[in-house]
>>> print(open('coords_12.cif').read())   # mmCIF, C-alpha atoms
data_protein
#
loop_
_atom_site.group_PDB
_atom_site.id
_atom_site.type_symbol
_atom_site.label_atom_id
_atom_site.label_comp_id
_atom_site.auth_asym_id
_atom_site.auth_seq_id
_atom_site.Cartn_x
_atom_site.Cartn_y
_atom_site.Cartn_z
ATOM 1 C CA MET X 1052 0.000 0.000 0.000
ATOM 2 C CA ASP X 1053 2.832 2.251 0.755
ATOM 3 C CA PRO X 1054 5.442 1.408 -1.814
ATOM 4 C CA ASP X 1055 8.978 2.147 -0.926
ATOM 5 C CA ALA X 1056 10.156 5.100 -2.908
ATOM 6 C CA GLY X 1057 13.707 3.830 -2.943
ATOM 7 C CA SER X 1058 16.637 4.282 -0.677
ATOM 8 C CA SER X 1059 17.462 7.734 -1.897
ATOM 9 C CA GLY X 1060 13.854 8.785 -2.144
ATOM 10 C CA ALA X 1061 14.742 10.894 -5.149
ATOM 11 C CA PRO X 1062 14.367 9.244 -8.534
ATOM 12 C CA GLY X 1063 16.890 10.543 -10.970
ATOM 13 C CA LEU X 1064 19.180 11.876 -8.331
ATOM 14 C CA GLY X 1065 22.235 10.285 -6.875
ATOM 15 C CA PRO X 1066 22.353 9.256 -3.267
ATOM 16 C CA ASN X 1067 24.290 12.351 -2.362
ATOM 17 C CA GLU X 1068 22.226 14.816 -4.292
ATOM 18 C CA VAL X 1069 19.596 17.022 -2.807
ATOM 19 C CA ALA X 1070 16.078 17.166 -4.064
ATOM 20 C CA VAL X 1071 15.211 20.301 -2.177
ATOM 21 C CA GLY X 1072 13.962 23.288 -4.059
ATOM 22 C CA GLY X 1073 11.129 21.962 -6.092
ATOM 23 C CA ALA X 1074 13.128 20.217 -8.786
ATOM 24 C CA GLN X 1075 11.548 16.888 -7.934
ATOM 25 C CA ALA X 1076 7.878 17.427 -7.429
ATOM 26 C CA SER X 1077 7.305 13.827 -6.430
ATOM 27 C CA VAL X 1078 9.750 13.995 -3.563
ATOM 28 C CA GLN X 1079 8.435 15.758 -0.545
ATOM 29 C CA PRO X 1080 11.076 16.842 1.899
ATOM 30 C CA SER X 1081 10.210 16.893 5.528
ATOM 31 C CA ILE X 1082 10.236 20.433 6.832
ATOM 32 C CA VAL X 1083 10.875 21.305 10.424
ATOM 33 C CA GLY X 1084 9.395 24.761 10.554
ATOM 34 C CA PRO X 1085 10.746 27.659 12.583
ATOM 35 C CA THR X 1086 8.642 26.977 15.665
ATOM 36 C CA LEU X 1087 8.770 23.199 15.534
ATOM 37 C CA ILE X 1088 10.818 21.553 18.273
ATOM 38 C CA LEU X 1089 11.706 17.881 18.104
ATOM 39 C CA LYS X 1090 13.352 16.161 21.032
ATOM 40 C CA GLY X 1091 14.102 12.500 20.508
ATOM 41 C CA GLU X 1092 15.096 10.025 17.845
ATOM 42 C CA LEU X 1093 14.381 10.758 14.241
ATOM 43 C CA SER X 1094 14.971 8.746 11.102
ATOM 44 C CA VAL X 1095 14.013 9.900 7.669
ATOM 45 C CA GLY X 1096 14.304 8.624 4.123
ATOM 46 C CA GLU X 1097 13.478 11.776 2.248
ATOM 47 C CA ALA X 1098 15.313 15.071 2.467
ATOM 48 C CA LEU X 1099 14.956 16.932 5.711
ATOM 49 C CA VAL X 1100 15.059 20.703 6.007
ATOM 50 C CA ILE X 1101 15.469 22.115 9.485
ATOM 51 C CA HIS X 1102 14.402 25.650 10.258
ATOM 52 C CA GLY X 1103 13.437 24.986 13.858
ATOM 53 C CA GLN X 1104 14.947 22.933 16.622
ATOM 54 C CA VAL X 1105 16.026 19.314 16.610
ATOM 55 C CA HIS X 1106 17.595 17.836 19.706
ATOM 56 C CA GLY X 1107 18.625 14.204 19.737
ATOM 57 C CA SER X 1108 19.646 11.846 17.001
ATOM 58 C CA VAL X 1109 18.866 12.185 13.331
ATOM 59 C CA ILE X 1110 19.536 9.426 10.843
ATOM 60 C CA GLY X 1111 18.835 10.325 7.261
ATOM 61 C CA THR X 1112 19.436 8.295 4.146
ATOM 62 C CA ASP X 1113 19.018 11.346 1.946
ATOM 63 C CA SER X 1114 20.039 14.882 2.742
ATOM 64 C CA VAL X 1115 19.680 17.062 5.793
ATOM 65 C CA VAL X 1116 19.690 20.804 5.312
ATOM 66 C CA ILE X 1117 20.218 22.949 8.383
ATOM 67 C CA LYS X 1118 19.080 26.480 7.841
ATOM 68 C CA ARG X 1119 20.655 29.440 9.512
ATOM 69 C CA GLY X 1120 18.025 30.016 12.155
ATOM 70 C CA ALA X 1121 17.909 26.376 13.190
ATOM 71 C CA ARG X 1122 19.123 25.005 16.485
ATOM 72 C CA VAL X 1123 20.382 21.468 16.539
ATOM 73 C CA SER X 1124 22.079 19.358 19.155
ATOM 74 C CA GLY X 1125 23.023 15.718 19.391
ATOM 75 C CA GLN X 1126 23.984 13.674 16.373
ATOM 76 C CA ILE X 1127 23.062 13.999 12.741
ATOM 77 C CA SER X 1128 24.008 11.323 10.274
ATOM 78 C CA ALA X 1129 22.983 11.577 6.652
ATOM 79 C CA ALA X 1130 24.236 10.975 3.151
ATOM 80 C CA GLN X 1131 24.631 14.686 2.734
ATOM 81 C CA ILE X 1132 24.450 17.437 5.288
ATOM 82 C CA GLN X 1133 24.245 21.060 4.327
ATOM 83 C CA PHE X 1134 24.365 23.903 6.741
ATOM 84 C CA GLU X 1135 24.300 27.574 6.173
ATOM 85 C CA ARG X 1136 27.103 29.794 7.208
ATOM 86 C CA GLY X 1137 26.478 31.178 10.650
ATOM 87 C CA THR X 1138 24.581 28.172 11.908
ATOM 88 C CA PRO X 1139 25.716 27.252 15.424
ATOM 89 C CA LEU X 1140 26.933 23.672 15.371
ATOM 90 C CA ASP X 1141 28.901 23.446 18.572
ATOM 91 C CA GLU X 1142 26.423 21.064 20.173
ATOM 92 C CA VAL X 1143 26.016 18.640 17.330
ATOM 93 C CA VAL X 1144 28.093 15.876 15.808
ATOM 94 C CA LEU X 1145 27.707 15.623 12.052
ATOM 95 C CA SER X 1146 28.591 12.556 10.041
ATOM 96 C CA GLY X 1147 28.261 12.253 6.310
ATOM 97 C CA SER X 1148 29.165 14.419 3.369
ATOM 98 C CA ILE X 1149 29.142 17.862 4.910
ATOM 99 C CA ARG X 1150 28.890 21.052 2.987
ATOM 100 C CA ARG X 1151 28.601 24.625 4.096
ATOM 101 C CA THR X 1152 26.554 26.962 1.996
ATOM 102 C CA ALA X 1153 26.228 30.708 1.958
ATOM 103 C CA GLY X 1154 22.524 30.530 2.628
ATOM 104 C CA ASP X 1155 19.662 32.405 1.109
ATOM 105 C CA MET F 212 -10.927 48.027 -1.462
ATOM 106 C CA PHE F 213 -10.949 44.391 -0.524
ATOM 107 C CA LYS F 214 -8.141 44.136 1.910
ATOM 108 C CA ARG F 215 -6.915 40.622 2.441
ATOM 109 C CA ASN F 216 -6.741 39.575 6.038
ATOM 110 C CA ASP F 217 -3.898 37.114 6.307
ATOM 111 C CA ASP F 218 -4.540 36.382 9.938
ATOM 112 C CA THR F 219 -7.879 34.832 9.261
ATOM 113 C CA GLU F 220 -7.002 33.150 6.035
ATOM 114 C CA THR F 221 -7.343 29.411 6.136
ATOM 115 C CA ALA F 222 -4.636 28.272 3.837
ATOM 116 C CA SER F 223 -3.454 25.026 5.309
ATOM 117 C CA VAL F 224 -4.513 22.914 2.377
ATOM 118 C CA ARG F 225 -2.942 25.195 -0.144
ATOM 119 C CA LEU F 226 0.183 25.422 1.908
ATOM 120 C CA ALA F 227 0.340 21.677 2.180
ATOM 121 C CA SER F 228 0.642 21.287 -1.527
ATOM 122 C CA GLU F 229 2.972 24.197 -1.881
ATOM 123 C CA SER F 230 5.205 22.844 0.784
ATOM 124 C CA ALA F 231 6.001 19.712 -1.117
ATOM 125 C CA GLY F 232 8.994 21.000 -2.906
ATOM 126 C CA ARG F 233 10.461 23.878 -1.063
ATOM 127 C CA ALA F 234 11.320 25.324 2.239
ATOM 128 C CA PRO F 235 10.665 27.311 4.247
ATOM 129 C CA VAL F 236 6.959 27.346 3.895
ATOM 130 C CA LYS F 237 5.791 30.711 4.950
ATOM 131 C CA SER F 238 3.129 32.229 2.865
ATOM 132 C CA GLY F 239 0.308 34.518 3.737
ATOM 133 C CA ALA F 240 1.674 34.963 7.254
ATOM 134 C CA ARG F 241 1.358 31.217 7.794
ATOM 135 C CA SER F 242 4.107 28.687 8.108
ATOM 136 C CA VAL F 243 3.672 24.968 8.089
ATOM 137 C CA SER F 244 5.842 22.036 9.017
ATOM 138 C CA VAL F 245 5.696 18.792 7.115
ATOM 139 C CA ILE F 246 6.565 15.403 8.541
ATOM 140 C CA GLY F 247 7.199 13.374 5.423
ATOM 141 C CA PRO F 248 6.049 9.819 4.792
ATOM 142 C CA THR F 249 9.400 8.196 5.543
ATOM 143 C CA LEU F 250 10.067 10.144 8.705
ATOM 144 C CA VAL F 251 9.835 8.248 11.969
ATOM 145 C CA PHE F 252 10.110 10.231 15.173
ATOM 146 C CA LYS F 253 9.998 9.085 18.766
ATOM 147 C CA GLY F 254 10.002 11.765 21.402
ATOM 148 C CA GLU F 255 8.519 15.140 22.165
ATOM 149 C CA LEU F 256 7.126 17.343 19.478
ATOM 150 C CA SER F 257 5.964 20.888 19.994
ATOM 151 C CA ALA F 258 5.107 23.553 17.484
ATOM 152 C CA ASP F 259 3.389 26.847 17.042
ATOM 153 C CA GLU F 260 2.587 26.522 13.390
ATOM 154 C CA ASP F 261 0.449 24.377 11.188
ATOM 155 C CA LEU F 262 1.673 20.817 11.036
ATOM 156 C CA ILE F 263 1.095 18.083 8.488
ATOM 157 C CA ILE F 264 2.066 14.577 9.500
ATOM 158 C CA GLU F 265 2.529 12.027 6.762
ATOM 159 C CA GLY F 266 5.091 10.018 8.675
ATOM 160 C CA THR F 267 5.171 8.232 12.005
ATOM 161 C CA ILE F 268 5.152 10.033 15.324
ATOM 162 C CA GLU F 269 5.333 8.313 18.676
ATOM 163 C CA GLY F 270 5.496 10.203 21.909
ATOM 164 C CA THR F 271 3.943 13.499 22.856
ATOM 165 C CA ILE F 272 2.589 16.290 20.722
ATOM 166 C CA ALA F 273 2.113 19.757 22.143
ATOM 167 C CA HIS F 274 0.551 21.699 19.359
ATOM 168 C CA GLN F 275 -2.154 23.820 20.772
ATOM 169 C CA GLN F 276 -2.546 26.983 18.790
ATOM 170 C CA LYS F 277 -2.578 25.862 15.187
ATOM 171 C CA ASN F 278 -3.987 23.308 12.810
ATOM 172 C CA LEU F 279 -2.772 19.758 12.757
ATOM 173 C CA THR F 280 -3.357 17.318 9.928
ATOM 174 C CA VAL F 281 -2.551 13.629 10.063
ATOM 175 C CA GLY F 282 -2.320 12.721 6.411
ATOM 176 C CA LYS F 283 -3.288 9.486 4.751
ATOM 177 C CA GLN F 284 0.125 7.998 5.378
ATOM 178 C CA GLY F 285 0.427 9.483 8.821
ATOM 179 C CA ARG F 286 0.622 7.266 11.894
ATOM 180 C CA VAL F 287 0.522 8.857 15.300
ATOM 181 C CA LYS F 288 0.821 7.238 18.693
ATOM 182 C CA ALA F 289 0.326 10.228 20.926
ATOM 183 C CA ASN F 290 -2.274 12.442 22.449
ATOM 184 C CA ILE F 291 -3.062 15.366 20.204
ATOM 185 C CA HIS F 292 -4.212 18.824 21.194
ATOM 186 C CA ALA F 293 -4.529 21.486 18.543
ATOM 187 C CA LYS F 294 -6.818 24.262 17.440
ATOM 188 C CA SER F 295 -8.214 22.061 14.727
ATOM 189 C CA VAL F 296 -7.398 18.461 13.971
ATOM 190 C CA THR F 297 -7.939 16.722 10.654
ATOM 191 C CA ILE F 298 -7.236 13.014 10.543
ATOM 192 C CA GLU F 299 -6.893 11.051 7.357
ATOM 193 C CA GLY F 300 -4.531 8.404 8.663
ATOM 194 C CA SER F 301 -4.070 6.475 11.875
ATOM 195 C CA VAL F 302 -4.056 7.838 15.412
ATOM 196 C CA GLN F 303 -3.716 5.989 18.669
ATOM 197 C CA GLY F 304 -4.348 8.456 21.425
ATOM 198 C CA ASP F 305 -6.754 11.066 22.626
ATOM 199 C CA VAL F 306 -7.571 13.866 20.230
ATOM 200 C CA ARG F 307 -8.664 17.274 21.383
ATOM 201 C CA GLY F 308 -9.548 20.083 19.046
ATOM 202 C CA ASP F 309 -10.325 23.515 20.379
ATOM 203 C CA GLU F 310 -12.377 24.316 17.294
ATOM 204 C CA PHE F 311 -13.085 21.047 15.508
ATOM 205 C CA VAL F 312 -11.986 17.501 14.859
ATOM 206 C CA LEU F 313 -12.531 15.978 11.450
ATOM 207 C CA LEU F 314 -12.185 12.273 10.713
ATOM 208 C CA SER F 315 -11.852 11.754 6.987
ATOM 209 C CA PRO F 316 -12.938 8.543 5.234
ATOM 210 C CA GLY F 317 -9.582 6.848 5.642
ATOM 211 C CA ALA F 318 -9.119 7.787 9.277
ATOM 212 C CA ASN F 319 -8.506 5.133 11.898
ATOM 213 C CA VAL F 320 -8.633 6.482 15.423
ATOM 214 C CA SER F 321 -8.334 4.612 18.706
ATOM 215 C CA GLY F 322 -8.820 7.088 21.485
ATOM 216 C CA ASN F 323 -11.184 9.677 22.825
ATOM 217 C CA LEU F 324 -12.321 12.702 20.896
ATOM 218 C CA SER F 325 -13.021 16.038 22.510
ATOM 219 C CA SER F 326 -14.100 19.133 20.645
ATOM 220 C CA PRO F 327 -17.055 21.484 20.229
ATOM 221 C CA ARG F 328 -17.407 20.283 16.647
ATOM 222 C CA ILE F 329 -16.718 16.733 15.538
ATOM 223 C CA GLN F 330 -17.251 15.348 12.083
ATOM 224 C CA MET F 331 -16.822 11.707 11.148
ATOM 225 C CA SER F 332 -16.926 10.888 7.499
ATOM 226 C CA ASP F 333 -18.313 7.687 6.100
ATOM 227 C CA GLY F 334 -15.510 5.179 6.071
ATOM 228 C CA ALA F 335 -13.721 6.485 9.113
ATOM 229 C CA VAL F 336 -12.967 3.926 11.802
ATOM 230 C CA PHE F 337 -13.252 5.110 15.373
ATOM 231 C CA ASN F 338 -12.984 3.360 18.697
ATOM 232 C CA GLY F 339 -13.335 5.540 21.735
ATOM 233 C CA ARG F 340 -15.450 8.056 23.501
ATOM 234 C CA VAL F 341 -16.743 11.331 22.199
ATOM 235 C CA GLU F 342 -17.042 14.423 24.295
ATOM 236 C CA MET F 343 -18.461 17.522 22.711
ATOM 237 C CA SER F 344 -17.619 20.307 25.037
ATOM 238 C CA THR F 345 -20.106 23.120 24.953
ATOM 239 C CA ARG F 346 -17.587 25.625 26.131
ATOM 240 C CA GLN F 347 -16.573 27.703 23.214
ATOM 241 C CA PRO F 348 -13.068 28.964 22.953
ATOM 242 C CA GLU F 349 -12.777 32.532 24.009
ATOM 243 C CA LEU F 350 -13.555 34.586 20.999
ATOM 244 C CA SER F 351 -12.995 38.258 20.815
ATOM 245 C CA VAL F 352 -16.423 39.081 19.530
ATOM 246 C CA ALA F 353 -16.784 42.783 19.517
ATOM 247 C CA LYS F 354 -19.969 44.174 20.881
ATOM 248 C CA PRO F 355 -21.856 46.271 18.392
ATOM 249 C CA ALA F 356 -20.917 49.833 18.807
ATOM 250 C CA PRO F 357 -23.735 52.288 19.379
ATOM 251 C CA ARG F 358 -24.496 53.853 16.064
ATOM 252 C CA GLU F 359 -25.636 57.090 17.535
ATOM 253 C CA ARG F 360 -22.194 57.686 18.863
ATOM 254 C CA SER F 361 -21.039 60.959 17.479
ATOM 255 C CA ILE F 362 -17.520 61.779 16.612
ATOM 256 C CA SER F 363 -16.492 65.232 17.443
ATOM 257 C CA SER F 364 -13.829 66.722 15.332
#
>>> encode(input="coords_12.cif", output="structure tokens")
Amino acid sequence: MDPDAGSSGAPGLGPNEVAVGGAQASVQPSIVGPTLILKGELSVGEALVIHGQVHGSVIGTDSVVIKRGARVSGQISAAQIQFERGTPLDEVVLSGSIRRTAGD
Amino acid sequence: MFKRNDDTETASVRLASESAGRAPVKSGARSVSVIGPTLVFKGELSADEDLIIEGTIEGTIAHQQKNLTVGKQGRVKANIHAKSVTIEGSVQGDVRGDEFVLLSPGANVSGNLSSPRIQMSDGAVFNGRVEMSTRQPELSVAKPAPRERSISS
């Protein structure tokens, strides 16, 4: 009933590519909005965009994008992790392909 | 002439579709979070914005001021309290809506419902107790101003 969309969750994209930005209409990234606070264990197959707060462990098989206003602590493991310049990351351990971007 | 009032605009459905491909989702003075279908979260969730759950949430949800939607693929094991709650998927837990609770045809709810307005669609599965509170949420209904009130310039 709920077919697996594939390990990357993004048809046509490589495992380390990001499908955020509307290029892949069929892939819906999870969005942690500015006021959303998650404390606990999180695993996700699609791309994850964090504007709010995530405290705990994050395991992603796709990409995790940490926006500038986000607050994260704990551990984040993903195929690709992007964070914007100026994002405080002193309380988080990142593992994966990590890239810093200039931001919006 | 026709000034749009963003504060009262109900745009959650439109925002849900718009949110599919981009972030952040903040349009018409509304922002919305999306828990995607492959996301599994165990822990505490709190938010002060509209929330759409298509994934799996287990734990606690503190989401009192905005609209919460459990989508068709959504699975929630938690008590829910929000301004309005729309359920299309599965919920195990008590559901409280300050304005309304809507169970769509595909909804499967095990828990108690509490809201002034409750709608269960044909095809929804529900096991629990229903409490329709008569107490309305505090609305700032302005009393009609006396028309004969003169304004001195």
>>> closest_atom_pairs(input="coords_12.cif", of="chain X", to="chain F", cutoff="6 Å", atoms="all atoms listed in the file", output="JSON lines")
{"residue": "X:Gly1072", "atom": "CA", "partner": "F:Arg233", "partner_atom": "CA", "distance": 4.6}
{"residue": "X:Gly1073", "atom": "CA", "partner": "F:Gly232", "partner_atom": "CA", "distance": 4.0}
{"residue": "X:Ala1076", "atom": "CA", "partner": "F:Gly232", "partner_atom": "CA", "distance": 5.9}
{"residue": "X:Gln1079", "atom": "CA", "partner": "F:Ala231", "partner_atom": "CA", "distance": 4.7}
{"residue": "X:Ser1081", "atom": "CA", "partner": "F:Gly247", "partner_atom": "CA", "distance": 4.6}
{"residue": "X:Ile1082", "atom": "CA", "partner": "F:Val245", "partner_atom": "CA", "distance": 4.8}
{"residue": "X:Val1083", "atom": "CA", "partner": "F:Ser244", "partner_atom": "CA", "distance": 5.3}
{"residue": "X:Gly1084", "atom": "CA", "partner": "F:Ser244", "partner_atom": "CA", "distance": 4.7}
{"residue": "X:Thr1086", "atom": "CA", "partner": "F:Ala258", "partner_atom": "CA", "distance": 5.2}
{"residue": "X:Leu1087", "atom": "CA", "partner": "F:Ala258", "partner_atom": "CA", "distance": 4.2}
{"residue": "X:Ile1088", "atom": "CA", "partner": "F:Ser257", "partner_atom": "CA", "distance": 5.2}
{"residue": "X:Leu1089", "atom": "CA", "partner": "F:Leu256", "partner_atom": "CA", "distance": 4.8}
{"residue": "X:Lys1090", "atom": "CA", "partner": "F:Glu255", "partner_atom": "CA", "distance": 5.1}
{"residue": "X:Gly1091", "atom": "CA", "partner": "F:Gly254", "partner_atom": "CA", "distance": 4.3}
{"residue": "X:Glu1092", "atom": "CA", "partner": "F:Lys253", "partner_atom": "CA", "distance": 5.3}
{"residue": "X:Leu1093", "atom": "CA", "partner": "F:Phe252", "partner_atom": "CA", "distance": 4.4}
{"residue": "X:Ser1094", "atom": "CA", "partner": "F:Val251", "partner_atom": "CA", "distance": 5.2}
{"residue": "X:Val1095", "atom": "CA", "partner": "F:Leu250", "partner_atom": "CA", "distance": 4.1}
{"residue": "X:Gly1096", "atom": "CA", "partner": "F:Thr249", "partner_atom": "CA", "distance": 5.1}
>>> resolve_selection(input="coords_12.cif", expression="the PyMOL selection byres ((chain F and resi 292) around 6)", output="ChimeraX atom specification")
/F:274-275,291,293,307-308
>>> residues_near_point(input="coords_12.cif", point="(28.3, 27.9, 14.1)", cutoff="12 Å", atoms="only C-alpha atoms", output="list in words")
Ile1117, Lys1118, Arg1119, Gly1120, Ala1121, Arg1122, Val1123, Ser1124, Phe1134, Glu1135, Arg1136, Gly1137, Thr1138, Pro1139, Leu1140, Asp1141, Glu1142, Val1143 and Arg1151 of chain X
>>> write_last_selection(input="coords_12.cif", atoms="C-alpha atoms", output="CSV table (one decimal), in the frame of the given file")
chain,number,residue,atom,x,y,z
X,1117,ILE,CA,20.2,22.9,8.4
X,1118,LYS,CA,19.1,26.5,7.8
X,1119,ARG,CA,20.7,29.4,9.5
X,1120,GLY,CA,18.0,30.0,12.2
X,1121,ALA,CA,17.9,26.4,13.2
X,1122,ARG,CA,19.1,25.0,16.5
X,1123,VAL,CA,20.4,21.5,16.5
X,1124,SER,CA,22.1,19.4,19.2
X,1134,PHE,CA,24.4,23.9,6.7
X,1135,GLU,CA,24.3,27.6,6.2
X,1136,ARG,CA,27.1,29.8,7.2
X,1137,GLY,CA,26.5,31.2,10.6
X,1138,THR,CA,24.6,28.2,11.9
X,1139,PRO,CA,25.7,27.3,15.4
X,1140,LEU,CA,26.9,23.7,15.4
X,1141,ASP,CA,28.9,23.4,18.6
X,1142,GLU,CA,26.4,21.1,20.2
X,1143,VAL,CA,26.0,18.6,17.3
X,1151,ARG,CA,28.6,24.6,4.1
>>> atom_distance(input="coords_12.cif", atom1="atom CA of F:Ile298", atom2="atom CA of F:Ser344")
19.3 Å
